file query36.txt (compact mmCIF, C-alpha atoms and all ligand atoms)
# COMPACT_ATOMS: atom_id res chain seq x y z
CA MET G 11 135.15 52.24 101.15
CA GLN G 12 133.51 50.49 104.04
CA GLN G 13 136.17 51.79 106.39
CA SER G 14 135.98 55.41 105.25
CA ALA G 15 132.18 55.35 105.52
CA SER G 16 132.35 54.16 109.11
CA VAL G 17 135.02 56.75 109.99
CA GLU G 18 132.78 59.41 108.49
CA ASN G 19 129.83 58.14 110.53
CA ARG G 20 131.92 58.07 113.69
CA ASP G 21 132.98 61.69 113.04
CA LYS G 22 129.38 62.75 112.53
CA THR G 23 128.32 61.00 115.73
CA SER G 24 131.05 62.64 117.75
CA ASP G 25 130.10 66.04 116.30
CA LEU G 26 126.52 65.47 117.41
CA ASP G 27 127.81 64.28 120.80
CA GLN G 28 129.63 67.56 121.19
CA ILE G 29 126.55 69.56 120.23
CA GLU G 30 124.44 67.57 122.67
CA GLN G 31 126.98 68.15 125.39
CA LYS G 32 126.97 71.88 124.70
CA LEU G 33 123.19 71.94 124.96
CA GLU G 34 123.30 70.03 128.23
CA GLN G 35 125.75 72.57 129.62
CA GLY G 36 123.51 75.43 128.48
CA GLN G 37 126.05 76.66 125.92
CA ARG G 38 124.95 78.38 122.76
CA LEU G 39 125.34 76.74 119.39
CA THR G 40 127.57 78.39 116.79
CA PHE G 41 127.38 78.81 113.02
CA GLU G 42 129.59 75.70 112.66
CA ASP G 43 127.22 73.72 114.90
CA GLY G 44 124.32 74.80 112.70
CA MET G 45 126.16 73.59 109.59
CA THR G 46 127.00 70.29 111.31
CA LEU G 47 123.35 69.77 112.21
CA TYR G 48 122.28 70.46 108.62
CA GLN G 49 124.89 68.00 107.29
CA SER G 50 123.91 65.21 109.64
CA HIS G 51 121.57 62.44 108.54
CA ASP G 52 120.59 61.61 112.09
CA ILE G 53 117.36 63.54 111.88
CA PHE G 54 115.72 61.71 114.79
CA ARG G 55 118.58 62.49 117.15
CA ILE G 56 118.39 66.17 116.14
CA GLY G 57 114.63 66.01 116.62
CA LYS G 58 115.07 64.60 120.13
CA MET G 59 117.49 67.41 121.04
CA ALA G 60 115.02 69.99 119.73
CA GLU G 61 112.09 68.38 121.53
CA LYS G 62 114.07 68.45 124.78
CA LYS G 63 114.88 72.12 124.25
CA ALA G 64 111.20 72.90 123.55
CA LEU G 65 110.09 71.05 126.68
CA GLU G 66 112.66 72.90 128.79
CA THR G 67 111.55 76.24 127.32
CA CYS G 68 107.78 75.84 127.09
CA GLY G 69 106.89 72.84 129.24
CA ASN G 70 104.42 70.24 128.10
CA GLN G 71 101.92 72.68 126.64
CA VAL G 72 101.20 73.39 123.00
CA PHE G 73 99.52 76.65 122.08
CA TYR G 74 96.81 77.36 119.54
CA SER G 75 94.52 80.30 119.01
CA LEU G 76 91.09 80.97 117.63
CA ASN G 77 92.06 83.33 114.86
CA ARG G 78 91.32 84.55 111.38
CA HIS G 79 93.68 85.61 108.62
CA ILE G 80 92.40 88.59 106.60
CA ASN G 81 93.98 89.95 103.41
CA TYR G 82 92.77 93.46 102.51
CA THR G 83 94.30 93.56 99.03
CA ASN G 84 96.39 91.34 96.79
CA ILE G 85 97.45 94.22 94.54
CA CYS G 86 101.16 94.75 94.98
CA LYS G 87 103.74 96.86 93.20
CA PHE G 88 106.54 94.43 93.98
CA ASN G 89 107.50 91.30 92.19
CA CYS G 90 108.99 88.80 94.60
CA LYS G 91 110.03 85.69 92.75
CA PHE G 92 108.42 83.25 95.21
CA CYS G 93 105.05 84.99 95.45
CA GLY G 94 101.75 83.51 94.24
CA PHE G 95 99.60 86.06 96.06
CA LYS G 96 100.25 89.35 94.29
CA ARG G 97 98.26 90.63 91.35
CA TRP G 98 98.82 93.68 89.19
CA HIS G 99 96.14 96.36 89.27
CA GLY G 100 93.46 95.28 86.76
CA GLU G 101 94.70 91.70 86.52
CA ASP G 102 92.21 88.84 86.82
CA GLY G 103 91.61 88.03 90.47
CA ALA G 104 92.94 91.35 91.78
CA TYR G 105 90.92 92.72 94.71
CA THR G 106 90.94 95.45 97.34
CA HIS G 107 88.47 95.46 100.22
CA ASP G 108 87.31 98.77 101.59
CA VAL G 109 87.67 99.49 105.29
CA ASP G 110 84.06 98.52 106.07
CA ALA G 111 84.53 95.13 104.42
CA VAL G 112 87.69 94.41 106.43
CA VAL G 113 85.93 95.44 109.63
CA ASP G 114 83.04 93.15 108.68
CA PHE G 115 85.46 90.21 108.24
CA ALA G 116 86.78 90.90 111.73
CA ARG G 117 83.23 91.20 113.12
CA GLN G 118 82.34 87.83 111.61
CA ALA G 119 85.56 86.31 112.96
CA MET G 120 84.70 87.50 116.46
CA LYS G 121 81.17 86.07 116.14
CA ASP G 122 82.85 82.76 115.32
CA GLY G 123 84.90 83.02 118.51
CA ALA G 124 88.19 84.45 117.18
CA THR G 125 90.29 86.36 119.68
CA GLU G 126 92.93 87.39 117.15
CA VAL G 127 93.05 88.66 113.58
CA HIS G 128 96.15 88.48 111.38
CA ILE G 129 95.90 91.14 108.66
CA VAL G 130 98.33 91.54 105.76
CA GLY G 131 98.14 92.61 102.13
CA GLY G 132 100.13 93.65 99.10
CA ILE G 133 101.91 96.98 98.73
CA HIS G 134 99.12 98.91 97.02
CA PRO G 135 100.18 102.39 95.86
CA GLY G 136 96.57 103.62 95.84
CA LEU G 137 95.80 103.13 99.54
CA ASP G 138 96.67 106.05 101.79
CA PHE G 139 97.79 106.02 105.42
CA ASP G 140 94.25 106.81 106.66
CA TYR G 141 92.98 103.58 105.12
CA TYR G 142 95.22 101.54 107.42
CA VAL G 143 94.53 103.68 110.48
CA ASP G 144 90.75 103.58 109.86
CA MET G 145 90.92 99.80 109.44
CA LEU G 146 92.62 99.39 112.82
CA LYS G 147 90.27 101.86 114.53
CA GLY G 148 87.21 100.20 113.00
CA ILE G 149 88.27 96.80 114.35
CA ARG G 150 89.31 98.24 117.71
CA ASP G 151 85.86 99.87 118.00
CA LEU G 152 84.32 96.39 117.72
CA SER G 153 86.07 95.32 120.89
CA PRO G 154 88.85 96.50 123.17
CA ASP G 155 90.02 92.90 123.47
CA ILE G 156 90.45 91.57 119.94
CA HIS G 157 94.17 91.18 119.24
CA ILE G 158 95.20 92.82 115.97
CA LYS G 159 98.42 91.41 114.52
CA ALA G 160 98.87 93.30 111.29
CA PHE G 161 101.25 94.53 108.58
CA THR G 162 104.61 92.95 107.85
CA ALA G 163 107.73 95.11 107.93
CA VAL G 164 107.41 95.66 104.18
CA GLU G 165 103.95 97.16 104.67
CA ILE G 166 105.26 99.24 107.58
CA LEU G 167 108.00 100.62 105.32
CA ASP G 168 105.31 101.59 102.80
CA LEU G 169 103.31 103.26 105.59
CA VAL G 170 106.38 105.19 106.72
CA LYS G 171 106.56 106.62 103.20
CA LYS G 172 102.80 107.27 103.06
CA SER G 173 102.61 108.89 106.49
CA LYS G 174 105.84 110.87 106.02
CA LEU G 175 106.63 110.01 109.64
CA SER G 176 109.62 108.20 111.11
CA ILE G 177 109.44 104.43 111.65
CA GLU G 178 108.88 105.02 115.35
CA ASP G 179 106.11 107.59 114.87
CA THR G 180 104.41 105.48 112.22
CA LEU G 181 104.35 102.50 114.58
CA LEU G 182 103.13 104.68 117.46
CA ALA G 183 100.28 106.04 115.31
CA LEU G 184 99.28 102.49 114.34
CA MET G 185 99.49 101.30 117.96
CA ASP G 186 97.32 104.22 118.98
CA ALA G 187 94.74 103.08 116.42
CA GLY G 188 94.71 99.52 117.80
CA LEU G 189 97.70 97.60 116.43
CA GLY G 190 98.73 94.87 118.90
CA ALA G 191 101.73 93.20 117.22
CA LEU G 192 103.55 92.80 113.90
CA PRO G 193 103.55 89.43 112.11
CA GLY G 194 106.88 87.96 111.06
CA GLY G 195 106.58 88.07 107.27
CA GLY G 196 108.94 89.71 104.83
CA ALA G 197 112.14 88.50 106.47
CA GLU G 198 112.53 85.74 103.88
CA ILE G 199 116.29 85.14 104.29
CA LEU G 200 118.01 88.18 105.80
CA ASP G 201 120.93 88.34 103.40
CA ASP G 202 121.73 91.13 100.94
CA ASP G 203 122.62 88.80 98.06
CA TYR G 204 119.42 86.83 98.58
CA PHE G 205 117.26 89.99 98.60
CA ASN G 206 119.04 91.25 95.46
CA GLN G 207 118.28 87.99 93.71
CA VAL G 208 114.72 87.42 94.93
CA CYS G 209 113.01 90.66 95.89
CA ARG G 210 115.41 93.48 95.07
CA SER G 211 112.86 96.30 94.89
CA LYS G 212 110.90 95.32 98.00
CA SER G 213 113.18 96.18 100.84
CA LYS G 214 116.53 95.30 102.41
CA PRO G 215 117.43 93.02 105.29
CA ASP G 216 118.62 96.02 107.32
CA ILE G 217 115.27 97.74 106.94
CA TRP G 218 113.37 94.63 108.11
CA THR G 219 115.71 94.54 111.10
CA ASP G 220 115.34 98.24 111.79
CA ILE G 221 111.55 98.07 111.83
CA HIS G 222 111.46 95.10 114.20
CA THR G 223 114.14 96.59 116.46
CA THR G 224 112.24 99.89 116.63
CA ALA G 225 109.02 98.02 117.42
CA HIS G 226 110.75 96.16 120.25
CA ARG G 227 112.23 99.36 121.62
CA ILE G 228 108.83 101.08 121.86
CA GLY G 229 106.97 98.08 123.26
CA LEU G 230 105.40 96.46 120.19
CA HIS G 231 105.81 92.70 120.06
CA THR G 232 106.61 91.10 116.70
CA ASN G 233 107.15 87.67 115.16
CA CYS G 234 109.91 86.47 112.87
CA THR G 235 109.96 84.02 109.98
CA MET G 236 112.30 82.16 107.66
CA LEU G 237 111.23 81.30 104.11
CA TYR G 238 113.24 78.19 103.26
CA GLY G 239 113.53 75.84 100.30
CA PHE G 240 113.54 78.48 97.56
CA VAL G 241 116.96 79.55 96.30
CA GLU G 242 118.88 80.05 99.52
CA THR G 243 121.85 78.01 100.68
CA VAL G 244 121.97 76.14 103.97
CA GLU G 245 124.69 78.54 105.05
CA GLN G 246 122.31 81.47 104.49
CA ARG G 247 119.63 79.73 106.56
CA VAL G 248 122.00 79.23 109.48
CA LYS G 249 123.19 82.85 109.29
CA HIS G 250 119.56 84.03 109.11
CA LEU G 251 118.68 82.15 112.29
CA LEU G 252 121.71 83.56 114.09
CA ARG G 253 120.84 87.07 112.93
CA LEU G 254 117.35 86.67 114.39
CA ARG G 255 118.97 85.41 117.60
CA ASP G 256 121.11 88.58 117.78
CA ILE G 257 118.08 90.81 117.27
CA GLN G 258 116.27 88.95 120.05
CA ASP G 259 119.29 89.23 122.37
CA GLN G 260 119.18 92.99 121.92
CA ALA G 261 115.43 93.12 122.45
CA LEU G 262 115.59 91.04 125.62
CA GLU G 263 118.35 93.25 126.97
CA HIS G 264 117.16 96.71 125.94
CA GLY G 265 113.62 96.51 124.57
CA LYS G 266 110.15 96.75 126.02
CA ALA G 267 109.03 93.98 123.65
CA ASN G 268 110.56 91.18 121.59
CA PHE G 269 109.95 88.38 119.11
CA GLN G 270 107.10 86.34 120.50
CA CYS G 271 107.25 83.56 117.98
CA PHE G 272 109.32 82.16 115.11
CA ILE G 273 107.61 80.65 112.08
CA PRO G 274 109.58 78.59 109.53
CA LEU G 275 107.80 78.81 106.16
CA PRO G 276 108.53 76.14 103.52
CA TYR G 277 108.48 77.45 99.97
CA LEU G 278 105.38 76.34 98.11
CA LYS G 279 105.58 76.75 94.37
CA PRO G 280 102.91 79.18 93.12
CA ALA G 281 100.68 78.08 90.26
CA TRP G 282 102.08 80.72 87.88
CA ILE G 283 105.60 79.33 88.31
CA SER G 284 104.38 75.81 87.66
CA ARG G 285 102.74 77.07 84.46
CA GLU G 286 105.93 78.81 83.32
CA SER G 287 108.37 76.43 84.96
CA SER G 288 110.87 76.25 82.12
CA GLU G 289 111.41 80.01 82.43
CA HIS G 290 112.08 79.76 86.13
CA GLU G 291 114.70 77.15 86.60
CA GLU G 292 115.83 78.72 89.83
CA SER G 293 112.64 77.68 91.63
CA SER G 294 113.26 74.25 93.04
CA ASP G 295 110.55 71.69 93.64
CA LEU G 296 108.92 71.32 96.99
CA ILE G 297 111.16 70.62 99.89
CA ASP G 298 110.69 67.14 101.38
CA GLY G 299 109.31 66.20 104.78
CA LEU G 300 112.65 65.33 106.39
CA GLU G 301 114.11 68.67 105.34
CA ASP G 302 111.07 70.40 106.88
CA LEU G 303 111.56 68.52 110.16
CA ARG G 304 115.32 69.12 110.11
CA THR G 305 114.75 72.86 109.63
CA ILE G 306 112.09 73.01 112.36
CA ALA G 307 114.40 71.20 114.80
CA ILE G 308 117.56 73.17 113.92
CA SER G 309 115.62 76.44 114.24
CA ARG G 310 114.62 75.50 117.78
CA LEU G 311 118.24 74.68 118.66
CA LEU G 312 119.86 77.78 117.10
CA LEU G 313 117.15 80.33 117.81
CA ASP G 314 117.28 79.48 121.49
CA ASN G 315 115.97 82.80 122.83
CA VAL G 316 112.60 82.89 121.05
CA ASP G 317 110.29 80.87 123.26
CA ASN G 318 107.59 79.96 120.79
CA HIS G 319 108.16 78.14 117.52
CA LYS G 320 105.12 77.76 115.31
CA ALA G 321 104.24 74.87 113.03
CA PHE G 322 102.07 76.80 110.60
CA TRP G 323 99.82 74.02 109.37
CA PRO G 324 98.42 75.76 106.25
CA MET G 325 101.95 75.76 104.85
CA GLN G 326 103.62 72.83 106.60
CA GLY G 327 100.59 70.59 106.12
CA VAL G 328 98.41 69.30 108.92
CA ASN G 329 100.13 65.94 109.33
CA LEU G 330 103.68 67.26 109.27
CA SER G 331 102.72 70.03 111.71
CA GLN G 332 101.62 67.40 114.18
CA VAL G 333 104.95 65.59 113.87
CA ALA G 334 106.70 68.98 114.22
CA LEU G 335 105.34 69.12 117.77
CA THR G 336 107.84 66.36 118.56
CA PHE G 337 110.64 68.18 116.69
CA GLY G 338 110.67 71.45 118.61
CA SER G 339 107.46 73.32 117.72
CA ASN G 340 105.08 74.36 120.50
CA ASP G 341 102.44 76.38 118.66
CA LEU G 342 99.99 75.40 115.93
CA ASP G 343 98.83 78.91 114.95
CA GLY G 344 95.07 78.44 114.99
CA THR G 345 91.82 77.90 113.22
CA VAL G 346 92.94 80.35 110.45
CA ARG G 347 89.90 79.92 108.19
CA TYR G 348 91.16 81.59 105.03
CA TYR G 349 94.75 81.45 103.89
CA THR G 350 95.53 82.87 100.49
CA ILE G 351 99.13 84.04 100.69
CA VAL G 352 100.09 80.84 98.96
CA ASP G 353 97.76 79.75 96.20
CA LYS G 354 98.22 76.04 96.80
CA THR G 355 98.77 74.58 100.24
CA TYR G 356 100.16 71.12 101.00
CA ASP G 357 96.71 70.01 102.01
CA ASN G 358 94.86 70.93 98.89
CA ASN G 359 93.71 74.21 100.27
CA THR G 360 92.52 73.02 103.63
CA ASN G 361 91.77 76.44 104.97
CA THR G 362 90.42 75.84 108.39
CA LEU G 363 90.93 73.35 111.17
CA PRO G 364 88.13 72.96 113.69
CA VAL G 365 89.36 73.57 117.19
CA GLU G 366 88.51 69.98 118.21
CA ASN G 367 90.93 68.70 115.54
CA ILE G 368 93.68 71.04 116.72
CA ARG G 369 93.23 69.87 120.30
CA SER G 370 93.20 66.19 119.41
CA MET G 371 96.30 66.58 117.20
CA ILE G 372 98.09 67.99 120.24
CA VAL G 373 96.75 65.40 122.69
CA GLU G 374 97.95 62.61 120.37
CA THR G 375 101.52 63.88 120.83
CA ASN G 376 101.10 63.57 124.59
CA ARG G 377 101.02 67.35 125.09
CA ILE G 378 98.45 69.59 126.67
CA PRO G 379 96.52 71.88 124.30
CA VAL G 380 96.29 75.44 125.58
CA GLN G 381 94.32 78.20 123.89
CA ARG G 382 96.43 81.36 123.97
CA ASP G 383 95.84 85.04 123.44
CA GLY G 384 97.87 87.31 121.16
CA TYR G 385 100.58 87.71 123.79
CA TYR G 386 101.05 84.00 124.39
CA ARG G 387 99.14 84.00 127.65
CA PRO G 388 96.82 81.07 128.30
CA ILE G 389 93.18 82.00 127.97
CA GLN G 390 91.45 80.92 131.15
CA LYS G 391 88.15 79.25 130.45
CA SER G 392 85.36 80.07 132.90
O1 LIG V 1 106.70 87.10 103.90
C1 LIG V 1 105.15 84.11 100.37
C2 LIG V 1 106.05 83.84 102.72
C3 LIG V 1 105.21 85.23 104.27
C4 LIG V 1 105.37 82.09 99.66
O2 LIG V 1 103.58 86.08 112.19
C5 LIG V 1 105.76 82.13 100.99
O3 LIG V 1 102.23 84.60 113.03
C6 LIG V 1 106.21 79.92 100.96
O4 LIG V 1 104.77 85.75 107.42
N1 LIG V 1 105.88 79.80 99.67
C7 LIG V 1 103.90 85.74 104.83
N2 LIG V 1 106.18 81.07 101.64
C8 LIG V 1 103.34 84.76 105.85
C9 LIG V 1 103.84 85.02 107.23
C10 LIG V 1 103.19 84.40 108.41
C11 LIG V 1 102.40 83.28 108.24
C12 LIG V 1 101.79 82.75 109.37
C13 LIG V 1 101.93 83.31 110.61
C14 LIG V 1 102.73 84.44 110.74
C15 LIG V 1 102.86 85.08 112.07
C16 LIG V 1 103.37 84.99 109.65
O5 LIG V 1 104.93 84.08 103.51
C17 LIG V 1 105.96 86.10 103.32
C18 LIG V 1 106.88 85.10 102.66
O6 LIG V 1 108.01 84.88 103.45
N3 LIG V 1 105.64 83.40 101.38
N4 LIG V 1 104.98 83.31 99.29
C19 LIG V 1 105.46 80.86 98.98
N5 LIG V 1 105.13 80.73 97.68
call {"tool": "encode", "arguments": {"input": "query36.txt", "output": "structure tokens"}}
result
Amino acid sequence: MQQSASVENRDKTSDLDQIEQKLEQGQRLTFEDGMTLYQSHDIFRIGKMAEKKALETCGNQVFYSLNRHINYTNICKFNCKFCGFKRWHGEDGAYTHDVDAVVDFARQAMKDGATEVHIVGGIHPGLDFDYYVDMLKGIRDLSPDIHIKAFTAVEILDLVKKSKLSIEDTLLALMDAGLGALPGGGAEILDDDYFNQVCRSKSKPDIWTDIHTTAHRIGLHTNCTMLYGFVETVEQRVKHLLRLRDIQDQALEHGKANFQCFIPLPYLKPAWISRESSEHEESSDLIDGLEDLRTIAISRLLLDNVDNHKAFWPMQGVNLSQVALTFGSNDLDGTVRYYTIVDKTYDNNTNTLPVENIRSMIVETNRIPVQRDGYYRPIQKS
């Protein structure tokens, strides 16, 4: 027993040696390398590799922004199995803000110093295309400078249907109204079987890809995400990361824009599932901290062509997000203020972090905090 355990350990070490060597020689990691990394218990060694990669890619700086997340409606016609945000029309807690209210949220955010708003909502059949265009125009009228990152690919697909335009023309109309970038949501795990199991009616992996690829082609930057710890396999995670890498390769070669940032999102069990847990055996319990760090680090190593990797503190938790800065992340999102996509965060609904806290979290990791704009450019302070 003793002997076979040590042989196994030696094999694992030599596998990691090989991966480290590949990284040193600037070679790309493969699917098999991704699986090896996930099977290894040497989380700190993997973390060190990822930290090195992050330092080589982004230097010693860690980004944050002064931002605000705004949700215009939680009414949604879809029924994704992981979601705690959606409400049916007429259900307790369902809301839809009119355009003026959304513009007012943005106005208040700007008064508080925000340079960026992140706007998403449910797929509400009762809102027409003009609602979305007027929302963007209303916020753009407040300021030519506020960065508007809005509407996941699933919302864009809905807007394509509502506008009766092509994907490209829909995006162009939204850009004309003020849209600055697409957030990364809705990718979940880009795998047909996974989508069939988890969110069959919502969309398809190819459509998510198509919308982001079109955006890149016409000069609209986007983000990408991975929802992990729900029902997916490790194999599906690795394939998802490599699929994002392929999309980014294409964008960097042919596009006018690309993925600006990757955000790994740990599954957080919604309250309704906890209440009905016996009916939903497929929803696992929360993923643990080492698995979060492993996923953050492996994402940095596999998704080697997306410069910025975000530790999204409302979902990763504040403390783990700080540690993530030494496991390959280089962006802490921002001040956020309200986050309601998940109904229970790791930090008991901590919804905002004062900028001083964000900066000191970064300084403690021996990095330099840098406030960024929506295009990942440092904001110069006068
Ligand atoms: O698409 C939904 C995920 C996403 C749960 O682009 C859940 O800067 C965990 O994409 N547990 C929306 N995850 C959030 C998102 C995002 C967040 C922060 C920054 C950016 C960015 C994008 O949240 C959804 C889905 O993948 N999600 N429910 C849940 N219970």
call {"tool": "atom_distance", "arguments": {"input": "query36.txt", "atom1": "CA of Thr362 in chain G", "atom2": "CA of Ile273 in chain G"}}
result
18.2 Å
call {"tool": "residues_near_ligand", "arguments": {"input": "query36.txt", "ligand": "ligand LIG 1 (chain V)", "cutoff": "6 Å", "atoms": "only C-alpha atoms and all ligand atoms", "output": "PyMOL selection string"}}
result
chain G and resi 92-94+193-196+198+233+237+275-280+352
call {"tool": "atom_distance", "arguments": {"input": "query36.txt", "atom1": "CA of Ile129 in chain G", "atom2": "CA of Asp259 in chain G"}}
result
27.2 Å
call {"tool": "residues_around", "arguments": {"input": "query36.txt", "residues": "Asp155 in chain G", "least_positions_apart": "4", "cutoff": "9 Å", "atoms": "all atoms listed in the file", "output": "mmCIF file with C-alpha atoms, in the frame of the given file"}}
result
data_model
loop_
_atom_site.group_PDB
_atom_site.id
_atom_site.type_symbol
_atom_site.label_atom_id
_atom_site.label_comp_id
_atom_site.auth_asym_id
_atom_site.auth_seq_id
_atom_site.Cartn_x
_atom_site.Cartn_y
_atom_site.Cartn_z
ATOM 1 C CA THR G 125 90.290 86.360 119.680
ATOM 2 C CA GLU G 126 92.930 87.390 117.150
ATOM 3 C CA ARG G 150 89.310 98.240 117.710
#
call {"tool": "closest_residue", "arguments": {"input": "query36.txt", "among": "G:His107, G:Lys159, G:Arg97, G:Lys63", "to": "Val316 in chain G", "atoms": "all atoms listed in the file"}}
result
G:Lys63
call {"tool": "closest_residue", "arguments": {"input": "query36.txt", "among": "G:Ala183, G:Ile283, G:Ile389, G:Leu300", "to": "Ser50 in chain G", "atoms": "only C-alpha atoms"}}
result
G:Leu300
call {"tool": "residues_around", "arguments": {"input": "query36.txt", "residues": "Arg255 in chain G", "least_positions_apart": "2", "cutoff": "12 Å", "atoms": "all atoms listed in the file", "output": "ChimeraX atom specification"}}
result
/G:38-41,219,234-235,248-253,257-262,268-269,271-272,309-317
call {"tool": "atom_distance", "arguments": {"input": "query36.txt", "atom1": "CA of His157 in chain G", "atom2": "CA of Asp383 in chain G"}}
result
7.6 Å
call {"tool": "residues_around", "arguments": {"input": "query36.txt", "residues": "Asp168 in chain G", "least_positions_apart": "5", "cutoff": "9 Å", "atoms": "all atoms listed in the file", "output": "PyMOL selection string"}}
result
chain G and resi 133-135+163+173
call {"tool": "residues_around", "arguments": {"input": "query36.txt", "residues": "His231 in chain G", "least_positions_apart": "6", "cutoff": "8 Å", "atoms": "only C-alpha atoms", "output": "compact mmCIF listing (two decimals) with C-alpha atoms, in the frame of the given file"}}
result
# COMPACT_ATOMS: atom_id res chain seq x y z
CA GLY G 190 98.73 94.87 118.90
CA ALA G 191 101.73 93.20 117.22
CA LEU G 192 103.55 92.80 113.90
CA ALA G 225 109.02 98.02 117.42
CA ALA G 267 109.03 93.98 123.65
CA ASN G 268 110.56 91.18 121.59
CA PHE G 269 109.95 88.38 119.11
CA GLN G 270 107.10 86.34 120.50
call {"tool": "closest_residue", "arguments": {"input": "query36.txt", "among": "G:Gln35, G:Glu263, G:Phe240, G:Cys68", "to": "Ile378 in chain G", "atoms": "only C-alpha atoms"}}
result
G:Cys68
call {"tool": "closest_residue", "arguments": {"input": "query36.txt", "among": "G:Ser176, G:Asn84, G:Thr336, G:Thr243", "to": "Thr375 in chain G", "atoms": "all atoms listed in the file"}}
result
G:Thr336
call {"tool": "closest_residue", "arguments": {"input": "query36.txt", "among": "G:Asn376, G:Ile80, G:Leu169, G:Phe337", "to": "Asp138 in chain G", "atoms": "only C-alpha atoms"}}
result
G:Leu169
call {"tool": "residues_around", "arguments": {"input": "query36.txt", "residues": "Val208 in chain G", "least_positions_apart": "2", "cutoff": "8 Å", "atoms": "only C-alpha atoms", "output": "MDAnalysis selection string"}}
result
chainID G and resid 90:92 204:206 210
call {"tool": "closest_residue", "arguments": {"input": "query36.txt", "among": "G:Gly188, G:Glu242, G:Ala321, G:Leu254", "to": "Pro215 in chain G", "atoms": "all atoms listed in the file"}}
result
G:Leu254
call {"tool": "residues_near_point", "arguments": {"input": "query36.txt", "point": "(98.5, 89.3, 100.7)", "cutoff": "6 Å", "atoms": "all atoms listed in the file", "output": "ChimeraX atom specification"}}
result
/G:81,84,95,130-132,351
call {"tool": "write_last_selection", "arguments": {"input": "query36.txt", "atoms": "C-alpha atoms", "output": "PDB file, in the coordinates of the input"}}
result
ATOM      1  CA  ASN G  81      93.980  89.950 103.410  1.00  0.00           C
ATOM      2  CA  ASN G  84      96.390  91.340  96.790  1.00  0.00           C
ATOM      3  CA  PHE G  95      99.600  86.060  96.060  1.00  0.00           C
ATOM      4  CA  VAL G 130      98.330  91.540 105.760  1.00  0.00           C
ATOM      5  CA  GLY G 131      98.140  92.610 102.130  1.00  0.00           C
ATOM      6  CA  GLY G 132     100.130  93.650  99.100  1.00  0.00           C
ATOM      7  CA  ILE G 351      99.130  84.040 100.690  1.00  0.00           C
TER       8      ILE G 351
END
